[in-house]
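J.: Take this structure first; my questions come after.
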Amino acid sequence: MEFSSAEPFKGEGCLSKEKNLYITFVLGGPGSGKGTQCAKIVENFGYTHLSAGELLRQEIASNSEDGVMILDMIKEGKIVPSEVTVKLIQKGMESCDNGKFLIDGFPRNEENRTAFEQIIGAEPNIVLFFDCPEEEMIKRVLNRNEGRVDDNIETIRKRLKVFAASHYPVIDYYSKKGKLCKIDAIGTEDEIFERVRPVFAACEGVQ
Ligand SMILES: Nc1ncnc2c1ncn2[C@@H]1O[C@H](COP(=O)(O)OP(=O)(O)O)[C@@H](O)[C@H]1O
Ligand SMILES: Nc1ccn([C@H]2C[C@H](O)[C@@H](COP(=O)(O)OP(=O)(O)O)O2)c(=O)n1
Ligand SMILES: [Mg+2]
């Protein structure tokens, strides 16, 4: 496993002055199982789950100023401008006493990654990457049944193209920093969680 645990981050950012942050980024293509595994990590290890996609969907639902733009981008399978997404993540982090965060579906590209560093002033301790073949991701998304506007074959194909074009530099960046933990995302939900569990069990000692 390509992973080294690290001390909680104490940087210069607005959040990190107030509390020890322990941040995990959760990456993987659409349907790779990020949300499903995050729920299990929350249950077992007491993290706060912030899904970038869910925060954006809440923004659409609340008819905010950016809502229409976000909806258009999500329907087209595009990545929303980083500043918008990072501000939502920042709000989520600030409204929480717990400093242990799972940030799901973020960063999806290099722009996302650098915007987080600039605005939040922190880095992740660990980056989980759920590695899943495209056919399996398509199958899972089409069966997801959550009424999402982007869970249709046309949008999925666009999202997979965006994913293929933008995720590698992010993965490579964290791999070189020794923070990447790649998880085989094929198997039952429980089998996959048994691959995830040791990553968090190993971190318990340093929090
Ligand atoms: N290991 C698995 N095997 C089969 N289906 C899964 C598995 N993990 C999750 N799913 C299902 O696949 C769909 C996508 O999972 P989800 O966690 O929403 O993925 P993501 O957040 O990466 O898009 C959901 O309907 C979920 O119930
Ligand atoms: N960092 C992010 C995360 C999501 N989005 C947008 C674009 C994505 O296709 C949608 C849905 O993301 P979400 O993480 O909920 O999707 P999956 O769980 O991977 O299926 O939101 C974004 O623009 N930037
Ligand atoms: Mg998800």
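Labels for the structure tokens follow display order: chains A, B, ..., residues from 1 in each chain, ligands from 1.
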Name all residues at most 10 Å from Ile74 of chain A (count only C-alpha atoms; drop same-chain ones fewer than 2 positions away) and give them as a ChimeraX atom specification.

T.: /A:53,56-57,68-72,76-80,148-150,155,159

J.: Under the rule of at most 7 Å, produce a per-residue listing of chain A near ligand 3: chain, number, name, the closest pair of atoms, and the distance in Å, as a tab-separated table, using only C-alpha atoms and all ligand atoms.

T.:
residue	atom	partner	partner_atom_place_in_ligand_line	distance
A:Pro30	CA	ligand 3	1 (Mg)	6.9
A:Gly31	CA	ligand 3	1 (Mg)	6.9
A:Gly33	CA	ligand 3	1 (Mg)	6.9
A:Lys34	CA	ligand 3	1 (Mg)	5.5
A:Gly35	CA	ligand 3	1 (Mg)	4.4
A:Ser51	CA	ligand 3	1 (Mg)	6.9
A:Gly53	CA	ligand 3	1 (Mg)	6.8
A:Gly105	CA	ligand 3	1 (Mg)	6.6

J.: Just write the chosen residues, N, CA and C atoms, as an mmCIF file, in the first residue's frame.

T.:
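See again-v8.cif below for the written result:
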data_model
loop_
_atom_site.group_PDB
_atom_site.id
_atom_site.type_symbol
_atom_site.label_atom_id
_atom_site.label_comp_id
_atom_site.auth_asym_id
_atom_site.auth_seq_id
_atom_site.Cartn_x
_atom_site.Cartn_y
_atom_site.Cartn_z
ATOM 1 N N PRO A 30 -17.171 8.409 -11.259
ATOM 2 C CA PRO A 30 -18.588 8.345 -10.895
ATOM 3 C C PRO A 30 -19.041 6.900 -10.722
ATOM 4 N N GLY A 31 -19.634 6.579 -9.588
ATOM 5 C CA GLY A 31 -20.112 5.222 -9.349
ATOM 6 C C GLY A 31 -19.059 4.282 -8.783
ATOM 7 N N GLY A 33 -18.033 4.151 -5.839
ATOM 8 C CA GLY A 33 -18.389 3.735 -4.466
ATOM 9 C C GLY A 33 -17.898 4.683 -3.383
ATOM 10 N N LYS A 34 -17.561 5.904 -3.745
ATOM 11 C CA LYS A 34 -17.035 6.863 -2.755
ATOM 12 C C LYS A 34 -18.039 7.125 -1.627
ATOM 13 N N GLY A 35 -19.258 7.482 -2.023
ATOM 14 C CA GLY A 35 -20.272 7.828 -1.022
ATOM 15 C C GLY A 35 -20.595 6.644 -0.114
ATOM 16 N N SER A 51 -19.558 15.796 1.000
ATOM 17 C CA SER A 51 -19.526 15.408 -0.408
ATOM 18 C C SER A 51 -19.633 16.678 -1.249
ATOM 19 N N GLY A 53 -20.206 16.990 -4.401
ATOM 20 C CA GLY A 53 -21.372 16.915 -5.276
ATOM 21 C C GLY A 53 -22.661 17.215 -4.517
ATOM 22 N N GLY A 105 -15.256 13.286 -3.486
ATOM 23 C CA GLY A 105 -15.439 13.810 -4.847
ATOM 24 C C GLY A 105 -14.670 15.088 -5.089
#

J.: For ligand 1, return the neighbouring residues as JSON, numbers by chain (distance at most 9 Å; only C-alpha atoms and all ligand atoms).

T.: {"A": [26, 27, 28, 29, 30, 31, 32, 33, 34, 35, 36, 37, 38, 39, 51, 53, 104, 105, 130, 136, 137, 139, 140, 141, 142, 143, 144, 145, 146, 185, 186, 187, 188, 189, 190, 191, 192, 193]}

J.: Next, write the just-selected residues to a file, as a compact mmCIF listing (two decimals), in the first residue's frame, keeping C-alpha atoms as the atom set.

T.:
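File written: part10.txt
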# COMPACT_ATOMS: atom_id res chain seq x y z
CA VAL A 26 -11.91 10.56 -1.33
CA LEU A 27 -11.42 10.16 -5.07
CA GLY A 28 -12.64 7.85 -7.81
CA GLY A 29 -14.81 8.00 -10.92
CA PRO A 30 -18.59 8.35 -10.90
CA GLY A 31 -20.11 5.22 -9.35
CA SER A 32 -16.82 3.91 -7.96
CA GLY A 33 -18.39 3.74 -4.47
CA LYS A 34 -17.04 6.86 -2.75
CA GLY A 35 -20.27 7.83 -1.02
CA THR A 36 -21.02 4.25 0.04
CA GLN A 37 -17.60 3.79 1.65
CA CYS A 38 -17.66 7.26 3.24
CA ALA A 39 -20.84 6.28 5.10
CA SER A 51 -19.53 15.41 -0.41
CA GLY A 53 -21.37 16.92 -5.28
CA ASP A 104 -15.69 13.19 -1.09
CA GLY A 105 -15.44 13.81 -4.85
CA PHE A 130 -11.27 3.96 -5.51
CA GLU A 136 -18.68 -1.27 -13.61
CA MET A 137 -19.01 2.47 -12.90
CA LYS A 139 -23.57 -0.12 -14.41
CA ARG A 140 -23.63 1.21 -10.85
CA VAL A 141 -24.56 4.76 -11.82
CA LEU A 142 -27.41 3.60 -14.06
CA ASN A 143 -28.75 1.52 -11.16
CA ARG A 144 -28.29 4.23 -8.54
CA ASN A 145 -31.90 5.36 -8.57
CA GLU A 146 -31.49 8.57 -6.57
CA ALA A 185 -13.23 -0.98 -5.87
CA ILE A 186 -14.45 -4.32 -7.21
CA GLY A 187 -16.18 -6.58 -4.71
CA THR A 188 -19.05 -6.29 -2.28
CA GLU A 189 -19.43 -3.12 -0.23
CA ASP A 190 -18.24 -5.00 2.87
CA GLU A 191 -15.25 -6.52 1.09
CA ILE A 192 -14.18 -3.09 -0.04
CA PHE A 193 -14.60 -1.64 3.43

J.: If you run DSSP over the backbone, which residues in chain A end up strand (DSSP E or B)? Put them as a list in words.

T.: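 In chain A, DSSP puts these residues in strand (DSSP E or B): Phe9, Leu21, Tyr22, Ile23, Thr24, Phe25, Val26, Leu27, Gly28, Thr48, His49, Leu50, Ser51, Lys100, Phe101, Leu102, Ile103, Asp104, Ile126, Val127, Leu128, Phe129, Phe130, Asp131, Leu180, Cys181, Lys182, Ile183 and Asp184 of chain A.
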
J.: Go through A:Gln90, A:Thr85, A:Thr48, A:Asn125 one by one, measure the shortest atom-to-atom distance of each to ligand 2 using only C-alpha atoms and all ligand atoms, and give the residue with the smallest value.

T.: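 Ranked by minimum distance to ligand 2, first place goes to A:Thr85.
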